[in-house]
Structure formats: structure tokens, C-alpha cells
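Colleague: This is the content of target14.txt (compact mmCIF, C-alpha atoms and all ligand atoms):
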```txt
# COMPACT_ATOMS: atom_id res chain seq x y z
CA MET A 1 -16.28 22.58 90.24
CA GLN A 2 -18.88 24.71 92.01
CA PRO A 3 -21.70 26.01 89.82
CA ILE A 4 -21.19 29.62 88.79
CA SER A 5 -24.23 30.66 90.87
CA ASP A 6 -22.24 29.67 93.99
CA HIS A 7 -19.48 32.10 93.17
CA LEU A 8 -18.81 34.88 95.70
CA LEU A 9 -19.88 37.65 93.35
CA LEU A 10 -23.28 36.10 92.65
CA LYS A 11 -23.81 35.24 96.31
CA ALA A 12 -23.03 38.83 97.28
CA ILE A 13 -25.51 40.02 94.68
CA ARG A 14 -28.17 37.83 96.34
CA LYS A 15 -27.10 39.29 99.72
CA GLU A 16 -26.19 35.85 101.08
CA SER A 17 -23.66 35.71 103.88
CA ILE A 18 -20.17 34.85 102.66
CA ASP A 19 -16.68 34.53 104.12
CA ARG A 20 -15.17 37.54 102.40
CA THR A 21 -16.26 40.38 100.16
CA PRO A 22 -15.79 39.85 96.41
CA LEU A 23 -14.02 42.50 94.39
CA TRP A 24 -13.37 43.58 90.85
CA ILE A 25 -12.29 46.93 89.46
CA MET A 26 -14.08 49.12 86.97
CA ARG A 27 -11.89 49.44 83.86
CA GLN A 28 -9.71 46.64 85.20
CA ALA A 29 -8.52 45.95 81.66
CA GLY A 30 -6.99 49.14 80.38
CA ARG A 31 -4.28 51.71 80.10
CA TYR A 32 -2.69 51.34 83.56
CA LEU A 33 -1.50 47.88 82.42
CA PRO A 34 1.66 47.88 80.25
CA GLU A 35 0.55 44.65 78.57
CA TYR A 36 -2.64 46.44 77.45
CA ILE A 37 -0.72 49.39 75.98
CA ASP A 38 1.55 46.94 74.24
CA LEU A 39 -1.25 45.02 72.56
CA LYS A 40 -3.09 48.25 71.71
CA ASN A 41 -0.01 49.71 69.99
CA LYS A 42 0.64 46.48 68.12
CA SER A 43 -2.93 46.24 66.87
CA GLY A 44 -3.29 49.89 65.82
CA GLY A 45 -5.68 51.27 68.43
CA PHE A 46 -8.55 50.72 70.83
CA MET A 47 -11.27 50.00 68.25
CA ASN A 48 -9.10 47.30 66.65
CA LEU A 49 -9.00 45.55 70.02
CA VAL A 50 -12.74 45.88 70.55
CA ASN A 51 -13.59 44.69 67.02
CA ASN A 52 -11.44 41.57 67.21
CA PRO A 53 -12.89 38.82 69.44
CA ASP A 54 -9.51 37.10 69.97
CA LEU A 55 -7.89 40.33 71.13
CA ALA A 56 -10.92 41.47 73.15
CA CYS A 57 -10.85 38.10 74.93
CA GLN A 58 -7.12 38.34 75.54
CA ILE A 59 -7.47 41.85 76.99
CA THR A 60 -10.41 40.79 79.19
CA LEU A 61 -8.15 38.13 80.70
CA GLN A 62 -5.07 40.34 81.19
CA PRO A 63 -5.97 41.74 84.64
CA LEU A 64 -6.98 38.23 85.77
CA GLU A 65 -3.57 36.87 84.94
CA ARG A 66 -1.98 39.50 87.16
CA PHE A 67 -4.49 39.78 89.99
CA SER A 68 -6.88 37.51 91.80
CA LEU A 69 -10.13 39.30 91.04
CA ASP A 70 -13.62 37.88 91.57
CA SER A 71 -15.12 38.82 88.22
CA ALA A 72 -14.26 39.47 84.62
CA ILE A 73 -15.98 42.16 82.56
CA ILE A 74 -16.00 41.82 78.81
CA PHE A 75 -13.58 44.21 77.13
CA SER A 76 -15.67 46.51 74.95
CA ASP A 77 -17.30 49.92 75.26
CA ILE A 78 -20.79 51.27 75.94
CA LEU A 79 -20.64 53.19 72.64
CA VAL A 80 -20.20 50.23 70.25
CA VAL A 81 -24.00 50.11 70.15
CA ALA A 82 -23.63 52.92 67.56
CA ASP A 83 -22.57 50.24 65.04
CA MET A 84 -26.16 48.99 65.10
CA LEU A 85 -27.37 52.48 64.18
CA GLY A 86 -25.01 52.83 61.23
CA ILE A 87 -22.92 55.41 63.08
CA GLN A 88 -19.13 55.09 63.00
CA LEU A 89 -17.30 55.33 66.29
CA SER A 90 -13.62 56.16 66.56
CA PHE A 91 -11.29 57.08 69.40
CA GLU A 92 -8.50 59.59 69.13
CA GLU A 93 -5.71 59.47 71.67
CA ASN A 94 -6.60 61.75 74.62
CA LYS A 95 -9.73 63.02 72.89
CA GLY A 96 -12.13 60.23 73.75
CA PRO A 97 -14.92 58.97 71.49
CA ILE A 98 -15.87 60.66 68.23
CA PHE A 99 -18.86 59.78 66.03
CA ASP A 100 -19.06 60.43 62.29
CA LYS A 101 -22.70 61.54 62.71
CA THR A 102 -24.74 63.02 65.52
CA ILE A 103 -28.42 62.65 66.30
CA LYS A 104 -29.70 66.14 67.05
CA THR A 105 -32.68 66.50 64.73
CA GLU A 106 -35.80 64.58 63.73
CA LYS A 107 -34.18 64.14 60.32
CA SER A 108 -30.99 62.57 61.68
CA LEU A 109 -33.08 60.32 63.91
CA ASN A 110 -35.10 59.16 60.90
CA GLU A 111 -31.96 58.55 58.88
CA MET A 112 -30.57 56.24 61.48
CA LYS A 113 -30.69 52.60 60.42
CA ARG A 114 -33.89 51.02 61.64
CA ASP A 115 -33.44 47.29 61.21
CA TYR A 116 -31.00 47.24 64.14
CA ASP A 117 -29.10 44.26 62.99
CA ILE A 118 -27.37 42.74 66.01
CA SER A 119 -24.95 40.91 63.74
CA GLU A 120 -23.25 44.33 63.30
CA VAL A 121 -21.83 43.80 66.79
CA ARG A 122 -21.17 40.08 66.42
CA TYR A 123 -17.61 40.71 67.53
CA VAL A 124 -18.86 41.41 71.06
CA PHE A 125 -20.89 38.18 71.22
CA ASP A 126 -17.98 36.16 69.83
CA ALA A 127 -15.65 37.74 72.40
CA ILE A 128 -18.11 36.80 75.18
CA GLU A 129 -18.35 33.18 73.99
CA GLN A 130 -14.60 32.88 73.72
CA THR A 131 -13.98 34.47 77.13
CA LYS A 132 -16.55 32.22 78.81
CA LYS A 133 -14.69 29.22 77.40
CA GLU A 134 -11.35 30.53 78.66
CA LEU A 135 -12.74 31.25 82.12
CA SER A 136 -14.23 27.73 82.23
CA GLY A 137 -16.54 28.61 85.11
CA LYS A 138 -13.80 29.82 87.47
CA ILE A 139 -15.23 33.31 87.82
CA PRO A 140 -18.31 35.06 86.41
CA LEU A 141 -18.27 37.31 83.35
CA ILE A 142 -20.13 40.63 83.40
CA GLY A 143 -21.67 41.98 80.19
CA PHE A 144 -22.68 45.63 79.92
CA ILE A 145 -24.42 48.46 78.14
CA GLY A 146 -24.68 52.19 78.73
CA SER A 147 -28.02 53.50 79.92
CA PRO A 148 -30.02 54.95 77.01
CA TRP A 149 -29.59 58.40 78.59
CA THR A 150 -25.80 58.13 78.88
CA VAL A 151 -25.42 56.77 75.33
CA THR A 152 -27.75 59.49 74.03
CA THR A 153 -25.64 62.27 75.54
CA TYR A 154 -22.72 61.06 73.39
CA LEU A 155 -24.90 60.64 70.27
CA ILE A 156 -26.23 64.18 70.63
CA GLU A 157 -22.87 65.79 71.33
CA GLY A 158 -20.93 63.58 68.89
CA ASN A 159 -17.95 63.48 71.22
CA SER A 160 -16.89 63.36 74.83
CA SER A 161 -18.33 66.73 75.87
CA LYS A 162 -17.91 67.59 79.49
CA VAL A 163 -20.24 70.56 79.04
CA PHE A 164 -23.27 68.92 77.38
CA GLU A 165 -24.38 72.20 75.85
CA ASN A 166 -26.51 70.61 73.10
CA VAL A 167 -28.00 68.04 75.43
CA LYS A 168 -29.09 70.65 77.97
CA LYS A 169 -30.61 72.85 75.28
CA MET A 170 -32.52 69.93 73.76
CA ILE A 171 -33.97 68.83 77.08
CA SER A 172 -35.58 72.20 77.56
CA GLU A 173 -36.46 73.01 73.96
CA GLU A 174 -37.05 69.67 72.22
CA ARG A 175 -38.20 67.30 74.87
CA ILE A 176 -40.31 65.15 72.54
CA LEU A 177 -37.39 64.59 70.20
CA VAL A 178 -35.15 63.66 73.16
CA ASN A 179 -37.73 61.10 74.25
CA ASP A 180 -37.96 59.74 70.68
CA ILE A 181 -34.18 59.28 70.58
CA LEU A 182 -34.19 57.59 74.00
CA THR A 183 -36.95 55.23 72.87
CA GLU A 184 -34.90 54.16 69.84
CA ILE A 185 -31.71 53.67 71.83
CA THR A 186 -33.65 51.66 74.39
CA GLU A 187 -34.94 49.37 71.62
CA VAL A 188 -31.41 48.78 70.30
CA SER A 189 -30.00 48.28 73.79
CA ILE A 190 -32.60 45.63 74.62
CA ARG A 191 -31.59 43.55 71.61
CA TYR A 192 -27.91 44.09 72.26
CA ILE A 193 -27.96 43.11 75.94
CA ASN A 194 -30.27 40.14 75.36
CA GLN A 195 -27.80 38.79 72.84
CA GLN A 196 -24.97 39.27 75.35
CA ILE A 197 -27.03 37.20 77.80
CA LYS A 198 -27.57 34.50 75.15
CA SER A 199 -23.81 34.51 74.53
CA GLY A 200 -23.21 33.59 78.15
CA VAL A 201 -22.65 36.57 80.49
CA ASP A 202 -23.47 35.86 84.14
CA ALA A 203 -24.61 39.36 85.11
CA VAL A 204 -25.29 42.61 83.31
CA MET A 205 -24.22 46.09 84.25
CA ILE A 206 -25.93 49.26 83.03
CA PHE A 207 -23.59 52.27 83.18
CA ASP A 208 -25.49 55.50 83.76
CA THR A 209 -22.34 57.59 83.99
CA TRP A 210 -24.12 60.84 83.06
CA GLY A 211 -27.40 60.17 84.89
CA GLY A 212 -26.00 62.59 87.46
CA LEU A 213 -26.67 65.48 85.05
CA LEU A 214 -30.38 65.00 85.64
CA GLN A 215 -32.26 66.07 88.72
CA ASP A 216 -35.52 65.02 90.34
CA ASN A 217 -38.26 64.18 87.90
CA ASP A 218 -35.95 64.49 84.87
CA PHE A 219 -33.75 61.75 86.29
CA TYR A 220 -36.75 59.42 86.29
CA GLU A 221 -38.33 60.61 83.04
CA LEU A 222 -35.15 60.69 80.93
CA SER A 223 -33.04 57.95 82.45
CA VAL A 224 -34.54 55.55 84.99
CA LYS A 225 -37.76 55.02 83.01
CA TYR A 226 -35.76 53.64 80.08
CA VAL A 227 -33.48 51.54 82.30
CA GLU A 228 -36.62 49.97 83.76
CA LYS A 229 -37.90 49.24 80.27
CA ILE A 230 -34.65 47.39 79.53
CA LYS A 231 -34.78 45.49 82.81
CA ASN A 232 -38.37 44.42 82.07
CA SER A 233 -37.40 43.25 78.58
CA LEU A 234 -34.57 40.92 79.55
CA THR A 235 -35.14 37.46 78.13
CA ASP A 236 -33.67 35.88 81.25
CA SER A 237 -35.57 37.35 84.19
CA ASN A 238 -33.11 35.76 86.65
CA ILE A 239 -29.98 37.43 85.38
CA PRO A 240 -28.59 39.85 87.98
CA VAL A 241 -28.64 43.52 87.00
CA ILE A 242 -26.15 46.07 88.34
CA TYR A 243 -27.08 49.72 87.79
CA TYR A 244 -24.22 52.21 88.09
CA ILE A 245 -24.91 55.83 88.99
CA ARG A 246 -22.65 58.69 90.08
CA GLU A 247 -23.61 61.25 92.71
CA PRO A 248 -26.60 59.25 93.97
CA LYS A 249 -27.15 61.40 97.05
CA ASN A 250 -30.03 63.49 95.74
CA LYS A 251 -31.57 60.61 93.81
CA ILE A 252 -32.44 58.23 96.62
CA ASN A 253 -36.24 58.43 96.27
CA THR A 254 -36.10 57.51 92.61
CA LEU A 255 -33.45 54.82 93.12
CA ASN A 256 -35.59 53.26 95.84
CA LYS A 257 -38.31 52.60 93.28
CA MET A 258 -35.97 50.71 90.95
CA ASP A 259 -36.12 46.99 90.44
CA VAL A 260 -32.44 46.09 90.06
CA ASP A 261 -30.28 43.76 92.15
CA VAL A 262 -27.26 45.96 92.70
CA ILE A 263 -26.59 49.68 92.65
CA GLY A 264 -23.02 50.68 91.91
CA ILE A 265 -22.12 54.06 93.37
CA ASP A 266 -19.23 56.52 93.30
CA SER A 267 -17.49 57.83 96.40
CA THR A 268 -19.63 60.97 96.82
CA ILE A 269 -21.69 59.11 99.44
CA GLY A 270 -20.70 56.64 102.19
CA LEU A 271 -21.62 53.00 101.57
CA GLY A 272 -23.36 52.80 104.93
CA GLU A 273 -25.23 56.04 104.38
CA PHE A 274 -26.40 54.76 100.99
CA ARG A 275 -27.42 51.37 102.38
CA LYS A 276 -29.46 52.99 105.15
CA ALA A 277 -31.10 55.48 102.79
CA THR A 278 -32.12 52.62 100.49
CA ASN A 279 -33.21 50.48 103.43
CA ASN A 280 -30.94 47.58 102.45
CA LYS A 281 -33.07 47.00 99.35
CA PHE A 282 -30.11 46.52 97.00
CA ALA A 283 -26.71 44.93 97.10
CA VAL A 284 -24.19 47.77 96.76
CA GLN A 285 -21.11 47.92 94.57
CA GLY A 286 -18.31 50.38 95.20
CA ASN A 287 -17.02 52.79 96.21
CA LEU A 288 -13.40 53.48 97.12
CA ASP A 289 -12.10 56.77 95.72
CA LYS A 290 -9.81 55.78 92.83
CA ASP A 291 -7.16 58.25 94.01
CA THR A 292 -6.67 56.12 97.12
CA LEU A 293 -4.56 53.96 94.80
CA LYS A 294 -1.98 56.76 94.70
CA LEU A 295 -1.38 56.47 98.45
CA SER A 296 1.02 54.28 100.44
CA GLU A 297 0.34 50.64 101.34
CA LYS A 298 -0.48 51.67 104.91
CA GLU A 299 -2.89 54.38 103.77
CA ILE A 300 -4.62 52.00 101.33
CA HIS A 301 -5.14 49.50 104.18
CA GLU A 302 -6.54 52.26 106.39
CA ALA A 303 -8.92 53.46 103.67
CA VAL A 304 -10.21 49.90 103.08
CA GLU A 305 -10.70 49.33 106.81
CA GLN A 306 -12.57 52.62 107.07
CA LEU A 307 -14.80 51.74 104.14
CA PHE A 308 -15.83 48.41 105.70
CA GLU A 309 -16.24 50.08 109.07
CA GLU A 310 -18.57 52.65 107.56
CA TYR A 311 -20.60 49.97 105.76
CA ASP A 312 -20.91 48.17 109.08
CA PHE A 313 -23.44 45.46 108.35
CA ASN A 314 -21.61 43.98 105.49
CA THR A 315 -23.97 41.74 103.59
CA GLY A 316 -24.60 42.37 99.91
CA HIS A 317 -21.43 44.26 99.15
CA ILE A 318 -19.23 44.01 96.08
CA PHE A 319 -16.01 45.91 96.58
CA ASN A 320 -15.03 48.20 93.71
CA LEU A 321 -13.75 51.69 93.08
CA GLY A 322 -16.26 54.54 92.82
CA THR A 323 -15.17 55.29 89.25
CA GLY A 324 -12.92 53.50 86.75
CA ILE A 325 -9.22 53.03 87.40
CA THR A 326 -7.14 55.64 85.55
CA PRO A 327 -3.92 55.29 83.48
CA ASP A 328 -1.83 57.03 86.18
CA ILE A 329 -2.17 54.14 88.64
CA ASP A 330 0.74 51.79 89.31
CA PRO A 331 -0.51 48.18 88.95
CA SER A 332 1.39 47.19 92.11
CA LYS A 333 -1.11 49.34 94.06
CA VAL A 334 -3.93 47.16 92.73
CA SER A 335 -2.24 44.10 94.26
CA ILE A 336 -1.99 45.97 97.56
CA LEU A 337 -5.68 46.85 97.39
CA ILE A 338 -6.74 43.27 96.65
CA ASP A 339 -4.63 41.94 99.52
CA ALA A 340 -6.14 44.56 101.83
CA VAL A 341 -9.73 43.63 100.90
CA LYS A 342 -8.99 39.92 101.33
CA GLU A 343 -7.32 40.49 104.67
CA ILE A 344 -9.78 42.98 106.15
CA SER A 345 -13.20 41.93 104.82
CA PRO A 346 -13.51 38.48 106.58
CA LYS A 347 -13.90 39.98 110.04
CA PHE A 348 -16.79 42.13 108.83
CA ASN A 349 -18.40 39.16 107.08
CA ARG A 350 -18.08 37.11 110.30
CA LYS A 351 -19.92 39.87 112.09
CA VAL A 352 -22.83 39.38 109.66
CA LYS A 353 -22.85 35.62 110.30
CA ASN A 354 -22.79 36.10 114.06
CA ALA A 355 -25.65 38.57 113.87
CA GLU A 356 -27.70 36.04 111.90
CA VAL A 357 -27.46 33.20 114.45
O1 LIG B 1 -14.18 47.90 82.70
C1 LIG B 1 -13.61 47.26 81.81
O2 LIG B 1 -12.45 46.78 81.95
C2 LIG B 1 -14.39 46.93 80.56
C3 LIG B 1 -14.23 47.83 79.48
C4 LIG B 1 -14.92 49.19 79.45
C5 LIG B 1 -14.42 50.24 78.66
N1 LIG B 1 -15.32 51.26 78.70
C6 LIG B 1 -13.15 50.21 77.92
C7 LIG B 1 -12.52 51.47 77.51
C8 LIG B 1 -16.12 49.63 80.03
C9 LIG B 1 -17.05 48.93 81.00
C10 LIG B 1 -16.37 50.93 79.51
C11 LIG B 1 -17.56 51.72 79.85
C12 LIG B 1 -17.66 53.11 79.40
N2 LIG B 1 -17.22 53.65 78.21
C13 LIG B 1 -18.32 54.13 80.12
C14 LIG B 1 -19.04 53.95 81.43
C15 LIG B 1 -18.13 53.77 82.58
C16 LIG B 1 -17.41 54.98 83.03
O3 LIG B 1 -16.15 54.92 83.01
O4 LIG B 1 -18.04 55.92 83.48
C17 LIG B 1 -18.23 55.32 79.35
C18 LIG B 1 -18.77 56.67 79.72
C19 LIG B 1 -17.54 54.99 78.14
C20 LIG B 1 -17.23 55.90 76.99
C21 LIG B 1 -15.79 56.06 76.78
N3 LIG B 1 -14.93 55.06 76.40
C22 LIG B 1 -15.03 57.25 76.95
C23 LIG B 1 -15.59 58.58 77.38
C24 LIG B 1 -13.69 56.95 76.64
C25 LIG B 1 -12.50 57.88 76.59
C26 LIG B 1 -12.09 58.31 77.93
C27 LIG B 1 -11.44 57.17 78.71
O5 LIG B 1 -11.92 56.88 79.80
O6 LIG B 1 -10.48 56.62 78.22
C28 LIG B 1 -13.64 55.56 76.35
C29 LIG B 1 -12.43 54.79 75.97
C30 LIG B 1 -12.19 53.50 76.63
N4 LIG B 1 -13.13 52.56 76.94
C31 LIG B 1 -10.90 53.00 77.00
C32 LIG B 1 -11.11 51.73 77.55
C33 LIG B 1 -10.06 50.76 78.04
C34 LIG B 1 -9.57 53.69 76.76
C35 LIG B 1 -9.16 53.49 75.35
C36 LIG B 1 -7.69 53.67 75.14
O7 LIG B 1 -6.95 52.70 75.34
O8 LIG B 1 -7.31 54.76 74.72
```
Taking this structure as input, can you express it in the form of C-alpha cells?
Ligand code: CP3
Modeller:
Amino acid sequence: MQPISDHLLLKAIRKESIDRTPLWIMRQAGRYLPEYIDLKNKSGGFMNLVNNPDLACQITLQPLERFSLDSAIIFSDILVVADMLGIQLSFEENKGPIFDKTIKTEKSLNEMKRDYDISEVRYVFDAIEQTKKELSGKIPLIGFIGSPWTVTTYLIEGNSSKVFENVKKMISEERILVNDILTEITEVSIRYINQQIKSGVDAVMIFDTWGGLLQDNDFYELSVKYVEKIKNSLTDSNIPVIYYIREPKNKINTLNKMDVDVIGIDSTIGLGEFRKATNNKFAVQGNLDKDTLKLSEKEIHEAVEQLFEEYDFNTGHIFNLGTGITPDIDPSKVSILIDAVKEISPKFNRKVKNAEV
């Protein structure tokens, strides 16, 4: 069998020319799949899946049994890192994540556990080891964390706030405390992601879902600076790093200074526009609007064609949605999308090869 480094996904990350564009789907294991809902109901909820390596492995593999995708991503959540801080995470149906404690004050920061015992999240490492065995080198496995900024917004709010009232107030009134919290979360995240790497993941993804709340210098000072610290602390300096950011349009200057392999983007900017603005520095992951999956087969094909057309010079692209797939999507539309990408992408990849000779 080919070494994992020769897999399409890893070649695309290195911007090598390939025959077709690899694809996977953010949140590919999840509520749009009836077999996921089934297992979740049987096991008593989302956290019971995440905390059980056998089930987490099984769920990771579910979308791969249905679809021919080019990567797996370990089934877990960016917020499980709270377990290392002695903070209990739970999920209530339709309410999103809820923590039993928040970190809003110097006192609550000091009360947080400080030995950061990674064995608290052993279940994630066991799930990674088990999944790697099951995949037996056929496709890569992505491990992930949230960016310290994105995780901190949840730890400050204590739930899935869409308003971020406390966070915004703290940035302007208690900047030093915010930086202290970010420093701690960065420390925990470094240990957590390094152990995921030791457990066998082939690439790491850093989700900065709420980085878009920050503008200009704040985006660097409160988010990117800490992502860079993580990147510079990885025990394997060759492991590919994918950084995911929404609404990247007004962040190009800062993004251009980053030292990551791939930037994952949402659909608020064209792939080609982003590639040009970043001078082809990064491989790009994305960015089909998830609602395209509600359209007809013909319209999905047209949207995929248009996306490749817009990207034009198609090296270093990993096809994905711009944001995670939602529960209202019919899985048969995912099959249509995968077929469309496999059918349409080769002619764009040939164009790259021809341009190179
Ligand atoms: O992509 C995958 O298949 C891997 C698993 C994965 C989950 N969450 C599982 C999950 C990944 C990579 C994440 C990342 C994550 N988690 C992010 C960043 C990516 C993004 O979507 O922007 C964020 C912000 C979270 C935090 C989180 N987890 C929220 C706000 C919620 C509730 C809202 C929602 O989207 O459901 C979750 C729950 C969650 N994480 C579910 C899944 C499958 C749904 C749980 C359920 O079955 O009810």
C-alpha cells in the first residue's frame, strides 16, 4: 500500500499536482446521518459518544462507510479540552454546549486545575489509536483543537452565546485577564494536540470559528498570536497544520504572516480571490456554501463547476464546505456532491499539469 504521505489529501496540502481534488466534509460524522442519531439515542447523548473510544471510533467511520471521502476526522469536540481544566461540559438538545463553571475573573482562572493532566482526555487518544488501526492507512486521519480564542469565548460565556456580551466587555475592560486566560488555554491546547499527534493523527486542524469577531490588531493579538505559539510548540514540526477561519476577507494581511500549511475558509470570499490575495502561499480548504446541498443535482454540479472555475489554477486545494454540514441535509445530496467533485475536478487538475510542463 502507498505510504500515507502519498495520499491525495497530503499531496494537496503540499501543493503537489494531483489527478483530482481531494474532499472531506466538516462535521461529516453527525446529525444528518440516521445511523449517527441512532447510536446517539442508544448511548444516551453526544458526550457519551465522545467519552467512549469504541463509539467515537465507530462514529468517525460512519460517513466513510457511506461515502468515498478522502479523509477522516476524529469524532470529538473542540470543547473537551475543558476536562483538563476541571470544568464539566454537557450538551443539551438544541441548546449547544454548557459548562458547569465559567472563567470570567482572576479568581476563577486561579481556581482552574493547573496540573493539566492529559490523561483526563485519554478517551480521545484511545479513539485516535483505534481509528488509525481501523483505517489501516487507507486514508489520513485529522486531529483537531479549537483556537485558544474560540475556546475562550465559550469558557467566558459558559454556553453557546451568539452575542458574546461578556467576551466583548472583557476585551475592552479586562484585557490583561483575557490574555492570561488565553495563555493558559494555549498551554493546555499544546499538550492536548501534541498527544493527539503522538496517538497517530496525520494532520491537525485548528478551528478558529469565532476569530471573525476580532478585527485588525485584535485578531492578531488575541487569536493568531496564540495559534502561532501552538504551531511553534508542535513536537512534530512536519505535521501539516490547517487553520480554519470564517470571514477572512478583512484579515488577509494578518493571515499572510501566518506559518500554517492550509487555510480553511468559509464561503464569504471566492477561493480564487483568497488565493490571489494570499499570493498562493497556502493550500486552501473550502468553501462551498453548505446550503448548496439543498439544491437539485444539476444545481449542485453547476455550483461545483463554478467553484473550480473561480479557483482557476487548481493546485493546493482541498474541497470542503465553508462551514459544517447541518442536520437538515439529506445524505443522498452528499453522494451527489462527491460524484460532482470527482467528475469535475480532474479537468482543472490537468490544466495545472499542462501549465507546469
Ligand atoms: O467534523 C467532524 O465530523 C468531527 C467532529 C466535530 C464536532 N465538533 C462534533 C459535534 C468537530 C470538528 C467539531 C468542532 C467544533 N465544535 C467547532 C468548530 C467547528 C465549527 O463548526 O465551527 C465548534 C465551534 C464546536 C462547539 C460545538 N459543538 C457547538 C457550538 C455545538 C452545538 C451546536 C452544533 O453545531 O451542534 C457542538 C455539538 C457538536 N459537536 C455536535 C457534533 C456532531 C452535535 C451534537 C449532537 O449530536 O447533538
Colleague: Using Å and a single decimal, report how far atom C29 of ligand LIG 1 (chain B) sits from CA of Thr209 in chain A.
Modeller: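 These atoms are spaced 13.1 Å apart.
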Colleague: What does the list of residues within 7 Å of ligand LIG 1 (chain B) look like if you count all atoms listed in the file, written as a compact mmCIF listing (two decimals) with C-alpha atoms, in the coordinates of the input?
Modeller:
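File result_12.txt, as written:
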```txt
# COMPACT_ATOMS: atom_id res chain seq x y z
CA MET A 26 -14.08 49.12 86.97
CA ARG A 27 -11.89 49.44 83.86
CA GLN A 28 -9.71 46.64 85.20
CA ALA A 29 -8.52 45.95 81.66
CA GLY A 30 -6.99 49.14 80.38
CA ARG A 31 -4.28 51.71 80.10
CA LYS A 40 -3.09 48.25 71.71
CA PHE A 46 -8.55 50.72 70.83
CA THR A 60 -10.41 40.79 79.19
CA ILE A 73 -15.98 42.16 82.56
CA ILE A 74 -16.00 41.82 78.81
CA PHE A 75 -13.58 44.21 77.13
CA SER A 76 -15.67 46.51 74.95
CA ASP A 77 -17.30 49.92 75.26
CA ILE A 78 -20.79 51.27 75.94
CA LEU A 79 -20.64 53.19 72.64
CA GLU A 93 -5.71 59.47 71.67
CA LYS A 95 -9.73 63.02 72.89
CA GLY A 96 -12.13 60.23 73.75
CA PRO A 97 -14.92 58.97 71.49
CA PHE A 144 -22.68 45.63 79.92
CA GLY A 146 -24.68 52.19 78.73
CA SER A 160 -16.89 63.36 74.83
CA PHE A 207 -23.59 52.27 83.18
CA THR A 209 -22.34 57.59 83.99
CA THR A 323 -15.17 55.29 89.25
CA GLY A 324 -12.92 53.50 86.75
```
Colleague: Excluding Glu309 in chain A and any residue of its chain fewer than 5 positions from it, enumerate the residues within 12 Å of it, using all atoms listed in the file, and give them as an MDAnalysis selection string.
Modeller: chainID A and resid 270:273 302:304 314 344:345 347:349 351
Colleague: Considering only C-alpha atoms, can you say which of A:Arg246, A:Thr152, A:Asp6, A:Ala56 comes closest to Phe164 in chain A?
Modeller: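 The answer is A:Thr152, which sits nearest to Phe164 in chain A.
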Colleague: One number please: CA of Glu297 in chain A to CA of Asp38 in chain A, in Å, one decimal.
Modeller: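 Computed distance, CA of Glu297 in chain A to CA of Asp38 in chain A, equals 27.4 Å.
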Colleague: Give me the residues near Ser71 in chain A as a list in words, where near means some atom within 8 Å (using all atoms listed in the file) and where sequence neighbours in that chain fewer than 6 positions away do not count.
Modeller: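 Near Ser71 in chain A, the qualifying residues are Leu9, Leu23, Trp24, Ile139, Pro140, Leu141 and Ile142 of chain A.
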Colleague: For each of A:Asn253, A:Pro248, A:Thr186, A:Phe99, take the minimum atom-to-atom distance to Phe274 in chain A, counting only C-alpha atoms, then give the residue where this is smallest.
Modeller: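 Between A:Asn253, A:Pro248, A:Thr186, A:Phe99, the residue approaching Phe274 in chain A most closely is A:Pro248.
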Colleague: Quick one: distance from CA of Val284 in chain A to CA of Lys231 in chain A in Å, one decimal?
Modeller: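 Between CA of Val284 in chain A and CA of Lys231 in chain A the gap works out to 17.7 Å.
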Colleague: Any idea what's packed within 10 Å of Leu182 in chain A, counting all atoms listed in the file, ignoring anything in its chain fewer than 5 positions away? Could you give it as a PyMOL selection string?
Modeller: chain A and resi 147-153+176-177+187-188+222-223+226
Colleague: Considering only C-alpha atoms, state which residue in the set A:Trp210, A:Thr315, A:Lys107, A:Asp236 is at the smallest distance from Arg275 in chain A.
Modeller: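 Closest candidate: A:Thr315.
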Colleague: Which of these residues is nearest to Glu120 in chain A, using only C-alpha atoms: A:Glu165, A:Asp339, A:Asp218, A:Asp83?
Modeller: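 Result for the nearest residue to Glu120 in chain A: A:Asp83.
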Colleague: So that I can see what lies close to Ser332 in chain A, please list as an mmCIF file with C-alpha atoms, keeping the file's coordinate frame the residues with an atom at most 10 Å from it, counting all atoms listed in the file and leaving out residues fewer than 2 positions away in the same chain.
Modeller:
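As a result, part-v7.cif now contains:
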```
data_model
loop_
_atom_site.group_PDB
_atom_site.id
_atom_site.type_symbol
_atom_site.label_atom_id
_atom_site.label_comp_id
_atom_site.auth_asym_id
_atom_site.auth_seq_id
_atom_site.Cartn_x
_atom_site.Cartn_y
_atom_site.Cartn_z
ATOM 1 C CA ARG A 66 -1.980 39.500 87.160
ATOM 2 C CA PHE A 67 -4.490 39.780 89.990
ATOM 3 C CA LEU A 293 -4.560 53.960 94.800
ATOM 4 C CA GLU A 297 0.340 50.640 101.340
ATOM 5 C CA ILE A 329 -2.170 54.140 88.640
ATOM 6 C CA ASP A 330 0.740 51.790 89.310
ATOM 7 C CA VAL A 334 -3.930 47.160 92.730
ATOM 8 C CA SER A 335 -2.240 44.100 94.260
ATOM 9 C CA ILE A 336 -1.990 45.970 97.560
ATOM 10 C CA LEU A 337 -5.680 46.850 97.390
#
```
Colleague: Using all atoms listed in the file, find the one residue out of A:Glu299, A:Glu134, A:Asp291, A:Glu174 that sits nearest to Asp328 in chain A.
Modeller: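 Nearest candidate to Asp328 in chain A out of A:Glu299, A:Glu134, A:Asp291, A:Glu174: A:Asp291.
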Colleague: Applying 8 Å and only C-alpha atoms, which residues near Gln215 in chain A remain after dropping the ones on its own chain fewer than 3 positions away? List them as a PyMOL selection string.
Modeller: chain A and resi 212+218-219+250-251
Colleague: I'd like to know which of A:Tyr220, A:Tyr32, A:Glu228, A:Leu39 is closest to Thr326 in chain A, using all atoms listed in the file.
Modeller: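 Under the stated criterion, the closest residue is A:Tyr32.
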